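One file, start_37.cif, is given below (mmCIF, C-alpha atoms).
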data_query
#
loop_
_atom_site.label_atom_id
_atom_site.label_comp_id
_atom_site.auth_asym_id
_atom_site.auth_seq_id
_atom_site.Cartn_x
_atom_site.Cartn_y
_atom_site.Cartn_z
CA MET A 1 39.81 -27.67 19.88
CA LYS A 2 40.23 -23.94 20.32
CA LYS A 3 39.85 -23.34 16.57
CA ILE A 4 36.66 -25.40 16.41
CA LEU A 5 35.20 -23.47 19.34
CA ILE A 6 36.04 -20.12 17.71
CA LEU A 7 34.58 -21.29 14.40
CA MET A 8 31.33 -22.43 16.05
CA LEU A 9 31.08 -19.16 17.97
CA ALA A 10 31.55 -17.15 14.77
CA LEU A 11 28.91 -19.18 12.92
CA THR A 12 26.30 -18.90 15.67
CA SER A 13 26.84 -15.18 16.08
CA SER A 14 26.50 -14.57 12.34
CA VAL A 15 23.29 -16.60 12.25
CA ALA A 16 21.93 -14.65 15.21
CA PHE A 17 22.59 -11.33 13.48
CA ALA A 18 20.98 -12.59 10.28
CA GLN A 19 17.74 -13.35 12.14
CA HIS A 20 17.09 -9.66 12.91
CA GLY A 21 16.93 -8.64 9.23
CA GLY A 22 13.45 -7.36 8.39
CA ARG A 23 11.96 -6.31 11.68
CA GLY A 24 11.86 -2.58 11.00
CA HIS A 25 9.21 -2.91 8.28
CA HIS A 26 6.49 -3.96 10.71
CA LYS A 27 6.82 -0.66 12.51
CA GLN A 28 6.53 1.21 9.23
CA ASP A 29 3.31 -0.62 8.36
CA GLY A 30 1.78 0.38 11.68
CA HIS A 31 2.99 3.94 11.23
CA ARG A 32 1.31 4.14 7.82
CA ALA A 33 -1.99 2.89 9.26
CA GLU A 34 -1.78 5.45 12.07
CA LEU A 35 -1.11 8.20 9.55
CA LEU A 36 -4.15 7.10 7.58
CA LYS A 37 -6.27 7.38 10.72
CA GLU A 38 -4.92 10.78 11.73
CA LEU A 39 -5.08 12.67 8.42
CA SER A 40 -8.25 13.87 6.75
CA VAL A 41 -9.35 12.71 3.31
CA GLU A 42 -8.30 16.05 1.81
CA GLN A 43 -4.86 15.89 3.42
CA LEU A 44 -4.26 12.34 2.19
CA ALA A 45 -5.37 13.26 -1.33
CA GLN A 46 -3.20 16.36 -1.36
CA LEU A 47 -0.10 14.46 -0.20
CA GLU A 48 -0.56 11.73 -2.79
CA THR A 49 -1.18 14.30 -5.52
CA LYS A 50 2.03 16.11 -4.61
CA LYS A 51 3.96 12.82 -4.69
CA LEU A 52 2.58 12.12 -8.15
CA THR A 53 3.36 15.68 -9.26
CA LEU A 54 6.98 15.17 -8.28
CA ALA A 55 7.22 11.75 -9.87
CA LEU A 56 5.29 12.45 -13.08
CA ASP A 57 5.88 16.18 -13.53
CA LEU A 58 2.16 17.05 -13.66
CA ASN A 59 0.98 20.43 -14.89
CA ALA A 60 -1.57 22.51 -12.95
CA ALA A 61 -4.62 21.12 -14.78
CA GLN A 62 -3.43 17.56 -14.27
CA GLN A 63 -2.84 18.28 -10.58
CA GLN A 64 -6.43 19.48 -10.15
CA GLU A 65 -7.83 16.41 -11.90
CA MET A 66 -5.53 14.08 -9.96
CA LEU A 67 -6.59 15.71 -6.70
CA LYS A 68 -10.20 14.76 -7.47
CA VAL A 69 -9.22 11.16 -8.23
CA GLN A 70 -7.00 10.94 -5.15
CA THR A 71 -9.83 12.32 -3.02
CA THR A 72 -12.11 9.48 -4.09
CA ILE A 73 -9.33 6.97 -3.44
CA ALA A 74 -8.72 8.43 0.03
CA GLN A 75 -12.44 8.33 0.81
CA ASP A 76 -12.53 4.64 -0.13
CA LYS A 77 -9.49 3.92 2.04
CA LYS A 78 -11.01 5.76 5.00
CA ALA A 79 -14.31 3.89 4.55
CA MET A 80 -12.53 0.54 4.42
CA LEU A 81 -10.50 1.43 7.50
CA ALA A 82 -13.64 2.48 9.39
CA GLU A 83 -15.39 -0.74 8.37
CA ARG A 84 -12.42 -2.83 9.51
CA GLU A 85 -12.27 -0.98 12.83
CA ALA A 86 -16.02 -1.46 13.35
CA ARG A 87 -15.74 -5.19 12.69
CA LYS A 88 -12.78 -5.39 15.03
CA ALA A 89 -14.65 -3.48 17.77
CA ALA A 90 -17.74 -5.67 17.33
CA ASN A 91 -15.46 -8.72 17.46
CA GLU A 92 -16.83 -10.05 14.19
CA THR A 93 -14.45 -12.69 12.99
CA GLN A 94 -16.87 -14.52 10.70
CA LYS A 95 -15.46 -15.51 7.38
CA LEU A 96 -17.25 -14.35 4.28
CA THR A 97 -19.10 -16.85 2.15
CA PRO A 98 -17.64 -17.47 -1.30
CA ASP A 99 -20.45 -15.41 -2.87
CA GLN A 100 -19.82 -12.50 -0.49
CA ARG A 101 -16.10 -12.69 -1.15
CA PHE A 102 -16.74 -12.69 -4.91
CA GLU A 103 -19.02 -9.65 -4.66
CA LYS A 104 -16.48 -7.76 -2.57
CA MET A 105 -13.60 -8.60 -4.91
CA ASP A 106 -15.71 -7.77 -7.99
CA ALA A 107 -16.65 -4.36 -6.57
CA ALA A 108 -13.02 -3.62 -5.68
CA LEU A 109 -11.83 -4.53 -9.17
CA ASP A 110 -14.56 -2.38 -10.73
CA LYS A 111 -13.32 0.57 -8.65
CA LYS A 112 -9.73 -0.07 -9.73
CA ILE A 113 -10.73 -0.23 -13.39
CA ALA A 114 -12.68 3.02 -13.12
CA ILE A 115 -9.81 4.80 -11.35
CA LYS A 116 -7.29 3.51 -13.86
CA SER A 117 -9.38 4.79 -16.77
CA GLU A 118 -9.77 8.19 -15.08
CA ILE A 119 -6.03 8.42 -14.52
CA LYS A 120 -5.32 7.33 -18.10
CA ALA A 121 -7.53 10.17 -19.33
CA ILE A 122 -5.63 12.70 -17.18
CA LEU A 123 -2.05 11.66 -17.92
CA SER A 124 -0.08 11.65 -21.13
CA ASP A 125 1.04 8.30 -22.52
CA GLN A 126 4.55 8.62 -21.08
CA GLN A 127 3.24 9.72 -17.68
CA PHE A 128 0.73 6.84 -17.66
CA GLU A 129 3.45 4.29 -18.43
CA LYS A 130 5.55 5.65 -15.60
CA TRP A 131 2.53 5.63 -13.27
CA GLU A 132 1.90 1.96 -14.12
CA ARG A 133 5.53 1.10 -13.38
CA MET A 134 5.19 2.87 -10.04
CA GLN A 135 2.07 0.86 -9.26
CA HIS A 136 3.80 -2.42 -10.08
CA GLN A 137 6.75 -1.48 -7.87
CA ARG A 138 4.39 -0.54 -5.05
CA LYS A 139 2.53 -3.82 -5.46
CA GLY A 140 5.83 -5.74 -5.33
CA ARG A 141 6.83 -4.05 -2.09
CA LYS A 142 3.43 -4.76 -0.62
CA LYS A 143 3.70 -8.46 -1.46
CA GLY A 144 7.15 -8.56 0.13
CA ARG A 145 5.82 -7.13 3.39
CA GLN A 146 2.92 -9.58 3.46
CA GLY A 147 5.28 -12.49 2.93
CA ARG A 148 7.36 -11.51 5.95
CA ARG A 149 4.33 -11.28 8.25
CA LYS A 150 3.27 -14.88 7.75
#
For this file, produce the structure as structure tokens.
Amino acid sequence: MKKILILMLALTSSVAFAQHGGRGHHKQDGHRAELLKELSVEQLAQLETKKLTLALDLNAAQQQEMLKVQTTIAQDKKAMLAEREARKAANETQKLTPDQRFEKMDAALDKKIAIKSEIKAILSDQQFEKWERMQHQRKGRKKGRQGRRK
């Protein structure tokens, strides 16, 4: 009887510890959104450019070109954040119609294609391949976080 009780206690405690696994990531997501709100477009672009310089070993000319691209990306992010905040403040929870959703997704994909072609023109073939791998890894992490929220 004593052994069964100890075994059950050990199993329940291990299950309880396993339940607390991924809770720290939600705080990081909120922290990233706060950072996006606090920093200016130029600061965000400069930080991302420096990260890419470290990862891809960019030369000075590439850094200047990447800074321009990252500035446009940061402006888009800020605009999307402001739009989301405005909808939230106005308490607009209406769902988009399928046509509106298509238009929004089509515009977003057009922006991504344009940015990708700009970046491809700036980077060498090896740097571009590495950049694409980085994007796929980032996308995989993003999907993992979204899966835990649901």
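The coordinates place atom CA of Lys112 of chain A at 15.9 Å from atom CA of Lys78 of chain A.
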(request) Determine the residue membership of the PyMOL selection byres ((chain A and resi 60-73) around 9) for the file above and supply it as a list in words. (result) Val41, Glu42, Gln43, Leu44, Ala45, Gln46, Glu48, Thr49, Lys50, Leu52, Thr53, Leu58, Asn59, Ala74, Gln75, Asp76, Lys77, Lys78, Ile115, Glu118, Ile119, Ile122 and Leu123 of chain A
(message) When you count all atoms listed in the file, which of these residues is closest to Glu34 of chain A: A:Lys2, A:Leu9, A:Ala108, A:Leu81?
(response)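 Comparing A:Lys2, A:Leu9, A:Ala108, A:Leu81 against Glu34 of chain A, the winner is A:Leu81.
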(message) I'd like to know which of A:Ile6, A:Met80, A:Leu54, A:Leu47 is closest to Lys104 of chain A, using only C-alpha atoms.
(response)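 Ranked by minimum distance to Lys104 of chain A, first place goes to A:Met80.
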(request) For atom CA of Asp57 of chain A and atom CA of Gln127 of chain A, determine how far apart the two atoms are, in Å to one decimal place. (result)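 Taking atom CA of Asp57 of chain A and atom CA of Gln127 of chain A, their separation equals 8.1 Å.
Atom pair atom CA of Asp106 of chain A / atom CA of Ala86 of chain A has a distance of 22.3 Å (rounded to one decimal).
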(request) For each of A:Met105, A:Glu132, A:Ala33, A:Met8, take the minimum atom-to-atom distance to Lys120 of chain A, counting all atoms listed in the file, then give the residue where this is smallest. (result) A:Glu132
